[in-house]
file query_30.cif (mmCIF, C-alpha atoms)
data_run
#
loop_
_atom_site.group_PDB
_atom_site.id
_atom_site.type_symbol
_atom_site.label_atom_id
_atom_site.label_comp_id
_atom_site.auth_asym_id
_atom_site.auth_seq_id
_atom_site.Cartn_x
_atom_site.Cartn_y
_atom_site.Cartn_z
ATOM 1 C CA MET A 1 89.483 134.751 84.916
ATOM 2 C CA ASP A 2 91.213 137.480 86.923
ATOM 3 C CA ASN A 3 94.926 137.711 87.759
ATOM 4 C CA ALA A 4 95.762 134.211 86.531
ATOM 5 C CA ASP A 5 99.034 132.736 87.749
ATOM 6 C CA THR A 6 100.330 130.702 84.803
ATOM 7 C CA ALA A 7 103.689 129.630 86.214
ATOM 8 C CA PRO A 8 104.105 125.836 86.492
ATOM 9 C CA ASP A 9 104.558 124.538 90.033
ATOM 10 C CA VAL A 10 108.200 123.496 89.651
ATOM 11 C CA ASN A 11 111.490 124.329 91.298
ATOM 12 C CA ASP A 12 115.021 122.976 91.063
ATOM 13 C CA GLU A 13 114.873 121.304 94.481
ATOM 14 C CA ASP A 14 111.592 119.417 94.311
ATOM 15 C CA GLY A 15 110.778 119.247 90.614
ATOM 16 C CA TYR A 16 107.023 119.325 89.985
ATOM 17 C CA PHE A 17 106.194 117.942 93.442
ATOM 18 C CA GLY A 18 107.008 120.804 95.768
ATOM 19 C CA GLU A 19 105.229 121.833 98.938
ATOM 20 C CA PRO A 20 101.945 122.966 97.270
ATOM 21 C CA VAL A 21 101.535 119.459 95.791
ATOM 22 C CA ALA A 22 102.914 117.625 98.836
ATOM 23 C CA ALA A 23 100.491 119.430 101.154
ATOM 24 C CA LYS A 24 97.486 118.088 99.216
ATOM 25 C CA TYR A 25 98.856 114.745 98.028
ATOM 26 C CA ASP A 26 97.542 112.506 100.822
ATOM 27 C CA ASP A 27 93.866 112.816 99.978
ATOM 28 C CA PRO A 28 91.797 110.191 101.827
ATOM 29 C CA ALA A 29 88.968 110.728 99.333
ATOM 30 C CA SER A 30 91.168 109.623 96.438
ATOM 31 C CA ASP A 31 90.830 106.048 95.159
ATOM 32 C CA MET A 32 94.593 105.589 95.404
ATOM 33 C CA PHE A 33 94.348 105.923 99.207
ATOM 34 C CA ALA A 34 91.399 103.552 99.570
ATOM 35 C CA THR A 35 92.137 100.768 102.063
ATOM 36 C CA ALA A 36 91.413 98.022 99.529
ATOM 37 C CA THR A 37 93.765 99.600 96.973
ATOM 38 C CA VAL A 38 96.634 99.986 99.414
ATOM 39 C CA GLU A 39 96.186 96.519 100.924
ATOM 40 C CA SER A 40 96.108 94.714 97.560
ATOM 41 C CA THR A 41 99.216 96.613 96.464
ATOM 42 C CA VAL A 42 101.098 95.827 99.652
ATOM 43 C CA ASP A 43 99.993 92.169 99.589
ATOM 44 C CA LEU A 44 101.532 91.619 96.172
ATOM 45 C CA LEU A 45 104.722 93.565 96.896
ATOM 46 C CA ALA A 46 105.295 91.881 100.262
ATOM 47 C CA GLY A 47 104.963 88.492 98.589
ATOM 48 C CA LEU A 48 107.551 89.410 95.958
ATOM 49 C CA ALA A 49 109.955 90.893 98.517
ATOM 50 C CA GLY A 50 109.888 87.741 100.647
ATOM 51 C CA GLU A 51 112.665 87.895 103.226
ATOM 52 C CA GLY A 52 114.583 90.497 101.215
ATOM 53 C CA ARG A 53 114.628 94.277 101.008
ATOM 54 C CA ALA A 54 112.484 96.526 98.817
ATOM 55 C CA LEU A 55 113.380 99.714 96.960
ATOM 56 C CA GLU A 56 110.635 102.178 96.010
ATOM 57 C CA LEU A 57 111.446 104.610 93.223
ATOM 58 C CA GLY A 58 109.511 107.844 93.660
ATOM 59 C CA ILE A 59 108.659 106.972 97.256
ATOM 60 C CA GLY A 60 106.852 110.284 97.793
ATOM 61 C CA THR A 61 104.821 110.555 100.992
ATOM 62 C CA GLY A 62 105.060 106.824 101.699
ATOM 63 C CA ARG A 63 101.535 105.805 100.653
ATOM 64 C CA ILE A 64 102.830 102.281 99.938
ATOM 65 C CA ALA A 65 106.224 102.263 101.665
ATOM 66 C CA VAL A 66 104.876 102.832 105.188
ATOM 67 C CA PRO A 67 102.307 99.983 105.196
ATOM 68 C CA LEU A 68 104.811 97.720 103.418
ATOM 69 C CA ALA A 69 107.359 98.398 106.167
ATOM 70 C CA ARG A 70 104.694 97.548 108.741
ATOM 71 C CA ARG A 71 104.546 94.086 107.143
ATOM 72 C CA GLY A 72 108.150 93.583 108.186
ATOM 73 C CA VAL A 73 109.748 94.396 104.821
ATOM 74 C CA GLU A 74 112.831 96.608 105.007
ATOM 75 C CA VAL A 75 112.049 99.476 102.626
ATOM 76 C CA HIS A 76 114.332 102.107 101.139
ATOM 77 C CA GLY A 77 113.357 104.850 98.715
ATOM 78 C CA ILE A 78 114.639 107.306 96.140
ATOM 79 C CA ASP A 79 112.842 110.592 95.457
ATOM 80 C CA MET A 80 113.716 114.045 94.165
ATOM 81 C CA SER A 81 111.138 115.942 96.231
ATOM 82 C CA ARG A 82 112.244 116.897 99.713
ATOM 83 C CA ALA A 83 108.746 118.249 100.353
ATOM 84 C CA MET A 84 107.144 114.869 99.655
ATOM 85 C CA VAL A 85 109.764 113.008 101.702
ATOM 86 C CA ALA A 86 109.196 115.364 104.639
ATOM 87 C CA ARG A 87 105.555 114.194 104.666
ATOM 88 C CA LEU A 88 106.756 110.589 104.694
ATOM 89 C CA ARG A 89 109.082 111.171 107.616
ATOM 90 C CA ALA A 90 106.310 112.834 109.626
ATOM 91 C CA LYS A 91 104.185 109.666 109.527
ATOM 92 C CA PRO A 92 104.415 107.000 112.241
ATOM 93 C CA GLY A 93 107.242 104.703 111.201
ATOM 94 C CA GLY A 94 108.179 106.901 108.259
ATOM 95 C CA ASP A 95 111.349 108.216 109.864
ATOM 96 C CA ALA A 96 112.721 104.653 109.962
ATOM 97 C CA ILE A 97 112.599 104.332 106.155
ATOM 98 C CA GLY A 98 115.865 105.282 104.483
ATOM 99 C CA VAL A 99 115.459 107.726 101.602
ATOM 100 C CA THR A 100 118.001 108.919 99.056
ATOM 101 C CA ILE A 101 117.244 112.335 97.552
ATOM 102 C CA GLY A 102 117.834 112.230 93.814
ATOM 103 C CA ASP A 103 116.638 111.286 90.339
ATOM 104 C CA PHE A 104 115.500 107.660 90.517
ATOM 105 C CA SER A 105 116.631 106.980 86.968
ATOM 106 C CA ALA A 106 120.254 107.406 88.040
ATOM 107 C CA ALA A 107 120.672 107.744 91.828
ATOM 108 C CA ARG A 108 121.930 104.789 93.837
ATOM 109 C CA ALA A 109 120.254 104.011 97.140
ATOM 110 C CA ALA A 110 122.414 105.268 100.014
ATOM 111 C CA THR A 111 122.667 101.957 101.813
ATOM 112 C CA THR A 112 125.534 99.515 102.230
ATOM 113 C CA ASP A 113 123.399 96.522 103.186
ATOM 114 C CA GLY A 114 123.616 94.793 99.801
ATOM 115 C CA GLU A 115 121.208 94.182 96.969
ATOM 116 C CA PHE A 116 117.412 94.303 96.879
ATOM 117 C CA SER A 117 114.982 91.491 96.168
ATOM 118 C CA LEU A 118 112.327 93.924 94.936
ATOM 119 C CA ALA A 119 112.146 97.344 93.284
ATOM 120 C CA TYR A 120 108.886 99.009 92.385
ATOM 121 C CA LEU A 121 107.300 102.069 90.758
ATOM 122 C CA VAL A 122 103.592 102.644 91.394
ATOM 123 C CA TYR A 123 100.783 104.883 90.174
ATOM 124 C CA ASN A 124 102.219 105.949 86.788
ATOM 125 C CA THR A 125 105.465 107.240 88.292
ATOM 126 C CA ILE A 126 107.542 105.804 85.422
ATOM 127 C CA MET A 127 105.907 108.500 83.257
ATOM 128 C CA ASN A 128 107.481 111.239 85.392
ATOM 129 C CA LEU A 129 110.635 110.407 83.434
ATOM 130 C CA THR A 130 109.901 112.469 80.348
ATOM 131 C CA SER A 131 112.252 110.887 77.808
ATOM 132 C CA GLN A 132 112.723 107.368 76.526
ATOM 133 C CA GLU A 133 116.418 107.668 77.412
ATOM 134 C CA ALA A 134 115.590 108.355 81.069
ATOM 135 C CA GLN A 135 113.097 105.469 81.201
ATOM 136 C CA VAL A 136 115.698 103.081 79.763
ATOM 137 C CA ALA A 137 118.225 104.385 82.305
ATOM 138 C CA CYS A 138 115.722 103.670 85.079
ATOM 139 C CA PHE A 139 115.538 99.999 84.136
ATOM 140 C CA ARG A 140 119.324 99.773 84.071
ATOM 141 C CA ASN A 141 119.547 101.481 87.457
ATOM 142 C CA VAL A 142 117.036 99.012 88.897
ATOM 143 C CA ALA A 143 118.943 96.057 87.458
ATOM 144 C CA ALA A 144 122.083 97.341 89.184
ATOM 145 C CA HIS A 145 120.229 97.399 92.530
ATOM 146 C CA LEU A 146 118.565 93.982 92.247
ATOM 147 C CA ALA A 147 119.978 90.683 93.422
ATOM 148 C CA PRO A 148 119.825 87.773 90.951
ATOM 149 C CA GLY A 149 116.245 86.522 90.943
ATOM 150 C CA GLY A 150 114.978 89.918 92.130
ATOM 151 C CA THR A 151 111.920 91.531 90.586
ATOM 152 C CA PHE A 152 110.949 94.963 89.294
ATOM 153 C CA VAL A 153 107.263 95.977 89.440
ATOM 154 C CA ILE A 154 105.635 98.864 87.588
ATOM 155 C CA GLU A 155 102.017 100.029 87.830
ATOM 156 C CA VAL A 156 101.142 102.314 84.928
ATOM 157 C CA GLY A 157 98.206 103.217 82.746
ATOM 158 C CA VAL A 158 97.798 102.084 79.171
ATOM 159 C CA PRO A 159 97.996 105.204 76.956
ATOM 160 C CA LYS A 160 94.459 106.533 76.452
ATOM 161 C CA LEU A 161 94.816 107.417 72.812
ATOM 162 C CA ARG A 162 91.448 105.804 72.051
ATOM 163 C CA ASN A 163 89.883 108.676 73.992
ATOM 164 C CA LEU A 164 91.211 111.272 71.555
ATOM 165 C CA PRO A 165 88.539 112.619 69.184
ATOM 166 C CA PRO A 166 89.647 112.601 65.526
ATOM 167 C CA GLY A 167 91.938 115.520 64.867
ATOM 168 C CA ARG A 168 92.171 116.514 68.557
ATOM 169 C CA ASN A 169 94.960 116.159 71.108
ATOM 170 C CA VAL A 170 93.211 117.234 74.342
ATOM 171 C CA VAL A 171 91.167 115.034 76.714
ATOM 172 C CA PRO A 172 89.373 116.662 79.695
ATOM 173 C CA PHE A 173 89.214 114.515 82.841
ATOM 174 C CA HIS A 174 87.658 116.908 85.372
ATOM 175 C CA THR A 175 85.262 119.821 85.063
ATOM 176 C CA SER A 176 83.507 121.838 87.762
ATOM 177 C CA PRO A 177 82.483 125.479 88.304
ATOM 178 C CA THR A 178 85.893 126.259 89.829
ATOM 179 C CA ARG A 179 88.284 123.598 88.537
ATOM 180 C CA TRP A 180 89.175 122.166 85.133
ATOM 181 C CA ALA A 181 91.739 119.496 84.306
ATOM 182 C CA PHE A 182 92.811 118.094 80.956
ATOM 183 C CA ASP A 183 95.559 116.028 79.319
ATOM 184 C CA ILE A 184 97.406 117.147 76.180
ATOM 185 C CA TYR A 185 98.973 114.461 73.953
ATOM 186 C CA ASP A 186 101.742 114.618 71.373
ATOM 187 C CA CYS A 187 101.436 111.302 69.558
ATOM 188 C CA ALA A 188 104.675 111.843 67.626
ATOM 189 C CA THR A 189 106.900 112.090 70.723
ATOM 190 C CA GLN A 190 104.739 110.274 73.331
ATOM 191 C CA ASN A 191 104.982 113.411 75.449
ATOM 192 C CA THR A 192 101.894 114.422 77.369
ATOM 193 C CA SER A 193 100.963 116.784 80.162
ATOM 194 C CA SER A 194 98.274 116.999 82.803
ATOM 195 C CA ASN A 195 97.008 120.535 83.172
ATOM 196 C CA TYR A 196 94.984 122.083 86.003
ATOM 197 C CA VAL A 197 93.087 125.370 86.088
ATOM 198 C CA GLU A 198 91.483 126.480 89.359
ATOM 199 C CA VAL A 199 89.657 129.601 90.510
ATOM 200 C CA VAL A 200 89.638 130.485 94.216
ATOM 201 C CA ASP A 201 88.101 133.762 95.415
ATOM 202 C CA GLY A 202 88.150 135.103 91.885
ATOM 203 C CA ARG A 203 91.853 134.376 91.353
ATOM 204 C CA GLY A 204 92.899 131.825 88.758
ATOM 205 C CA SER A 205 95.891 129.505 88.845
ATOM 206 C CA TYR A 206 97.350 127.164 86.250
ATOM 207 C CA ARG A 207 99.633 124.170 86.779
ATOM 208 C CA SER A 208 101.063 121.788 84.204
ATOM 209 C CA ILE A 209 102.987 118.548 84.831
ATOM 210 C CA PRO A 210 104.778 116.812 81.930
ATOM 211 C CA PHE A 211 104.853 113.043 81.400
ATOM 212 C CA ARG A 212 105.915 110.536 78.779
ATOM 213 C CA TYR A 213 103.460 107.727 78.134
ATOM 214 C CA VAL A 214 104.885 104.291 77.437
ATOM 215 C CA TRP A 215 103.475 101.086 75.962
ATOM 216 C CA PRO A 216 103.677 97.662 77.680
ATOM 217 C CA SER A 217 105.756 96.210 74.837
ATOM 218 C CA GLU A 218 108.111 99.206 75.033
ATOM 219 C CA LEU A 219 108.643 98.557 78.743
ATOM 220 C CA ASP A 220 109.404 94.915 77.963
ATOM 221 C CA LEU A 221 112.119 96.018 75.541
ATOM 222 C CA MET A 222 113.566 98.381 78.160
ATOM 223 C CA ALA A 223 113.689 95.463 80.583
ATOM 224 C CA GLN A 224 115.411 93.318 77.971
ATOM 225 C CA LEU A 225 118.044 96.011 77.389
ATOM 226 C CA ALA A 226 118.691 96.001 81.149
ATOM 227 C CA GLY A 227 119.069 92.223 81.244
ATOM 228 C CA MET A 228 115.640 91.443 82.723
ATOM 229 C CA ARG A 229 112.669 89.479 81.397
ATOM 230 C CA LEU A 230 108.915 89.712 81.806
ATOM 231 C CA ARG A 231 107.530 87.323 84.411
ATOM 232 C CA GLU A 232 103.921 88.453 84.915
ATOM 233 C CA ARG A 233 101.501 91.092 83.688
ATOM 234 C CA TRP A 234 98.081 91.740 85.215
ATOM 235 C CA GLU A 235 95.426 94.396 84.887
ATOM 236 C CA GLY A 236 95.693 95.325 88.555
ATOM 237 C CA TRP A 237 97.025 94.417 91.981
ATOM 238 C CA ALA A 238 94.396 91.681 92.434
ATOM 239 C CA ARG A 239 96.040 89.869 89.487
ATOM 240 C CA GLU A 240 93.123 90.290 87.106
ATOM 241 C CA PRO A 241 93.911 89.165 83.531
ATOM 242 C CA PHE A 242 95.430 91.841 81.314
ATOM 243 C CA THR A 243 93.429 92.270 78.096
ATOM 244 C CA GLY A 244 93.091 94.639 75.177
ATOM 245 C CA GLU A 245 90.448 96.534 77.144
ATOM 246 C CA SER A 246 92.604 97.039 80.252
ATOM 247 C CA THR A 247 93.227 100.667 81.144
ATOM 248 C CA LYS A 248 96.340 99.951 83.209
ATOM 249 C CA HIS A 249 98.733 97.126 84.028
ATOM 250 C CA VAL A 250 100.902 95.839 86.828
ATOM 251 C CA SER A 251 103.956 94.215 85.281
ATOM 252 C CA VAL A 252 106.716 92.174 86.913
ATOM 253 C CA TRP A 253 110.157 91.711 85.373
ATOM 254 C CA GLU A 254 112.815 89.416 86.803
ATOM 255 C CA LYS A 255 116.586 89.637 86.897
ATOM 256 C CA PRO A 256 117.877 86.172 85.910
ATOM 257 C CA VAL A 257 119.725 84.110 88.468
#
call {"tool": "encode", "arguments": {"input": "query_30.cif", "output": "structure tokens"}}
result
Amino acid sequence: MDNADTAPDVNDEDGYFGEPVAAKYDDPASDMFATATVESTVDLLAGLAGEGRALELGIGTGRIAVPLARRGVEVHGIDMSRAMVARLRAKPGGDAIGVTIGDFSAARAATTDGEFSLAYLVYNTIMNLTSQEAQVACFRNVAAHLAPGGTFVIEVGVPKLRNLPPGRNVVPFHTSPTRWAFDIYDCATQNTSSNYVEVVDGRGSYRSIPFRYVWPSELDLMAQLAGMRLRERWEGWAREPFTGESTKHVSVWEKPV
């Protein structure tokens, strides 16, 4: 590999989701942008929002927020990345969605219209908070935004520790002649990272994004500490049963009335 750039793609303004990531994020070939995936997600969230307002933490480019708003739900968002939010605002209807720039574990939505009936975090975004303290703070921040009876939804993968070979801490998830991607796990701290190596025109680049994986039962305890309780847990947005073989879950916690 020649002239490898090993600097992580991170800056103080946008975190790990700056313009290079934002420019490629909306990939129509990705399963997360498939029509069936988006529609099933929006169906469930719209039902939970009812006649109330929804708050998306880590709203990004509006993959879910824009179609949810088209259903007539008033949507607000919190996100640290100005580059991602710029992509949201460039979409039809995206400029009508209010967004607060900040850390969603602590920032309050810049709106004076009252509480929310729904808050949600999709596609593993809870793991972008890389400490247990920050994840606990996120639940407390959500509870402060929700009206009594409101719900908090998280979509996140079940930690894939069963994929680790004995004595190893690295799991590859993509290999090709020009691109390699792998996860690194620290089972003592629950810290992990997704790492990407790519070669274009003989020049190599390396990018690493840190995460903290979290167990379903741990999330339930975080909810309890924030004064919420588990209402539902499914394997996916179509409400499939959650089992010991499920690779992800969609969980719903409720703020008591």
call {"tool": "resolve_selection", "arguments": {"input": "query_30.cif", "expression": "the PyMOL selection byres ((chain A and resi 172) around 8)", "output": "PyMOL selection string"}}
result
chain A and resi 170-171+173-175+180-183
call {"tool": "closest_residue", "arguments": {"input": "query_30.cif", "among": "A:Thr151, A:Thr178, A:Thr111, A:Ser40", "to": "Asp201 (chain A)", "atoms": "all atoms listed in the file"}}
result
A:Thr178
call {"tool": "residues_around", "arguments": {"input": "query_30.cif", "residues": "Gly47 (chain A)", "least_positions_apart": "5", "cutoff": "10 Å", "atoms": "all atoms listed in the file", "output": "number ranges by chain"}}
result
A: 42, 73, 118
call {"tool": "resolve_selection", "arguments": {"input": "query_30.cif", "expression": "the PyMOL selection byres ((chain A and resi 254-256) around 8)", "output": "PDB file with C-alpha atoms, keeping the file's coordinate frame"}}
result
ATOM      1  CA  ALA A 143     118.943  96.057  87.458  1.00  0.00           C
ATOM      2  CA  LEU A 146     118.565  93.982  92.247  1.00  0.00           C
ATOM      3  CA  ALA A 147     119.978  90.683  93.422  1.00  0.00           C
ATOM      4  CA  PRO A 148     119.825  87.773  90.951  1.00  0.00           C
ATOM      5  CA  GLY A 149     116.245  86.522  90.943  1.00  0.00           C
ATOM      6  CA  GLY A 150     114.978  89.918  92.130  1.00  0.00           C
ATOM      7  CA  THR A 151     111.920  91.531  90.586  1.00  0.00           C
ATOM      8  CA  PHE A 152     110.949  94.963  89.294  1.00  0.00           C
ATOM      9  CA  GLY A 227     119.069  92.223  81.244  1.00  0.00           C
ATOM     10  CA  MET A 228     115.640  91.443  82.723  1.00  0.00           C
ATOM     11  CA  ARG A 229     112.669  89.479  81.397  1.00  0.00           C
ATOM     12  CA  LEU A 230     108.915  89.712  81.806  1.00  0.00           C
ATOM     13  CA  ARG A 231     107.530  87.323  84.411  1.00  0.00           C
ATOM     14  CA  VAL A 252     106.716  92.174  86.913  1.00  0.00           C
ATOM     15  CA  TRP A 253     110.157  91.711  85.373  1.00  0.00           C
ATOM     16  CA  VAL A 257     119.725  84.110  88.468  1.00  0.00           C
TER      17      VAL A 257
END
call {"tool": "resolve_selection", "arguments": {"input": "query_30.cif", "expression": "the PyMOL selection byres ((chain A and resi 207-220) around 7)", "output": "list in words"}}
result
Thr6, Ala7, Pro8, Asp9, Tyr16, Met127, Asn128, Leu129, Thr130, Ser131, Val158, Pro159, Gln190, Asn191, Thr192, Ser193, Ser194, Asn195, Tyr196, Val197, Ser205, Tyr206, Leu221, Met222, Ala223, Gln224 and Leu230 of chain A
call {"tool": "closest_residue", "arguments": {"input": "query_30.cif", "among": "A:Ala238, A:His249, A:Gly244, A:Asp95", "to": "Ala36 (chain A)", "atoms": "all atoms listed in the file"}}
result
A:Ala238
call {"tool": "closest_residue", "arguments": {"input": "query_30.cif", "among": "A:Pro92, A:Pro177, A:Pro165, A:Gly98", "to": "Ala54 (chain A)", "atoms": "only C-alpha atoms"}}
result
A:Gly98
call {"tool": "residues_around", "arguments": {"input": "query_30.cif", "residues": "Leu45 (chain A)", "least_positions_apart": "4", "cutoff": "8 Å", "atoms": "all atoms listed in the file", "output": "list in words"}}
result
Thr41, Ala49, Leu68 and Leu118 of chain A
call {"tool": "atom_distance", "arguments": {"input": "query_30.cif", "atom1": "CA of Trp234 (chain A)", "atom2": "CA of Ser251 (chain A)"}}
result
6.4 Å
call {"tool": "atom_distance", "arguments": {"input": "query_30.cif", "atom1": "CA of Val142 (chain A)", "atom2": "CA of Gly62 (chain A)"}}
result
19.2 Å
call {"tool": "atom_distance", "arguments": {"input": "query_30.cif", "atom1": "CA of Asp79 (chain A)", "atom2": "CA of Glu19 (chain A)"}}
result
14.0 Å
call {"tool": "residues_around", "arguments": {"input": "query_30.cif", "residues": "Ile97 (chain A)", "least_positions_apart": "2", "cutoff": "10 Å", "atoms": "all atoms listed in the file", "output": "mmCIF file with C-alpha atoms, in the frame of the given file"}}
result
data_model
loop_
_atom_site.group_PDB
_atom_site.id
_atom_site.type_symbol
_atom_site.label_atom_id
_atom_site.label_comp_id
_atom_site.auth_asym_id
_atom_site.auth_seq_id
_atom_site.Cartn_x
_atom_site.Cartn_y
_atom_site.Cartn_z
ATOM 1 C CA GLY A 62 105.060 106.824 101.699
ATOM 2 C CA ALA A 65 106.224 102.263 101.665
ATOM 3 C CA VAL A 66 104.876 102.832 105.188
ATOM 4 C CA ALA A 69 107.359 98.398 106.167
ATOM 5 C CA GLU A 74 112.831 96.608 105.007
ATOM 6 C CA VAL A 75 112.049 99.476 102.626
ATOM 7 C CA HIS A 76 114.332 102.107 101.139
ATOM 8 C CA GLY A 77 113.357 104.850 98.715
ATOM 9 C CA LEU A 88 106.756 110.589 104.694
ATOM 10 C CA ARG A 89 109.082 111.171 107.616
ATOM 11 C CA GLY A 93 107.242 104.703 111.201
ATOM 12 C CA GLY A 94 108.179 106.901 108.259
ATOM 13 C CA ASP A 95 111.349 108.216 109.864
ATOM 14 C CA VAL A 99 115.459 107.726 101.602
#
call {"tool": "closest_residue", "arguments": {"input": "query_30.cif", "among": "A:Ala83, A:Arg108, A:Ala90, A:Lys248", "to": "Lys160 (chain A)", "atoms": "all atoms listed in the file"}}
result
A:Lys248
call {"tool": "closest_residue", "arguments": {"input": "query_30.cif", "among": "A:Met32, A:Leu48, A:Ala137, A:Leu121", "to": "Val250 (chain A)", "atoms": "only C-alpha atoms"}}
result
A:Leu121
call {"tool": "build_atoms", "arguments": {"input": "query_30.cif", "residues": "region 74-87 of chain A", "atoms": "N, CA and C atoms", "output": "CSV table (one decimal), in the frame of the given file"}}
result
chain,number,residue,atom,x,y,z
A,74,GLU,N,111.9,95.5,104.9
A,74,GLU,CA,112.8,96.6,105.0
A,74,GLU,C,112.7,97.4,103.7
A,75,VAL,N,112.3,98.7,103.8
A,75,VAL,CA,112.0,99.5,102.6
A,75,VAL,C,113.0,100.7,102.6
A,76,HIS,N,113.6,100.9,101.4
A,76,HIS,CA,114.3,102.1,101.1
A,76,HIS,C,113.7,102.8,100.0
A,77,GLY,N,114.0,104.1,99.8
A,77,GLY,CA,113.4,104.8,98.7
A,77,GLY,C,114.3,105.8,98.1
A,78,ILE,N,113.9,106.2,96.9
A,78,ILE,CA,114.6,107.3,96.1
A,78,ILE,C,113.6,108.3,95.7
A,79,ASP,N,113.8,109.6,95.9
A,79,ASP,CA,112.8,110.6,95.5
A,79,ASP,C,113.6,111.9,95.3
A,80,MET,N,113.1,112.7,94.4
A,80,MET,CA,113.7,114.0,94.2
A,80,MET,C,113.1,115.1,95.1
A,81,SER,N,111.9,114.9,95.5
A,81,SER,CA,111.1,115.9,96.2
A,81,SER,C,111.4,115.9,97.7
A,82,ARG,N,112.1,116.8,98.3
A,82,ARG,CA,112.2,116.9,99.7
A,82,ARG,C,110.9,117.2,100.4
A,83,ALA,N,110.0,117.9,99.8
A,83,ALA,CA,108.7,118.2,100.4
A,83,ALA,C,107.9,117.0,100.5
A,84,MET,N,107.9,116.1,99.5
A,84,MET,CA,107.1,114.9,99.7
A,84,MET,C,107.8,114.0,100.7
A,85,VAL,N,109.1,113.9,100.7
A,85,VAL,CA,109.8,113.0,101.7
A,85,VAL,C,109.6,113.5,103.1
A,86,ALA,N,109.5,114.8,103.3
A,86,ALA,CA,109.2,115.4,104.6
A,86,ALA,C,107.9,114.9,105.2
A,87,ARG,N,106.9,114.7,104.3
A,87,ARG,CA,105.6,114.2,104.7
A,87,ARG,C,105.7,112.7,105.1
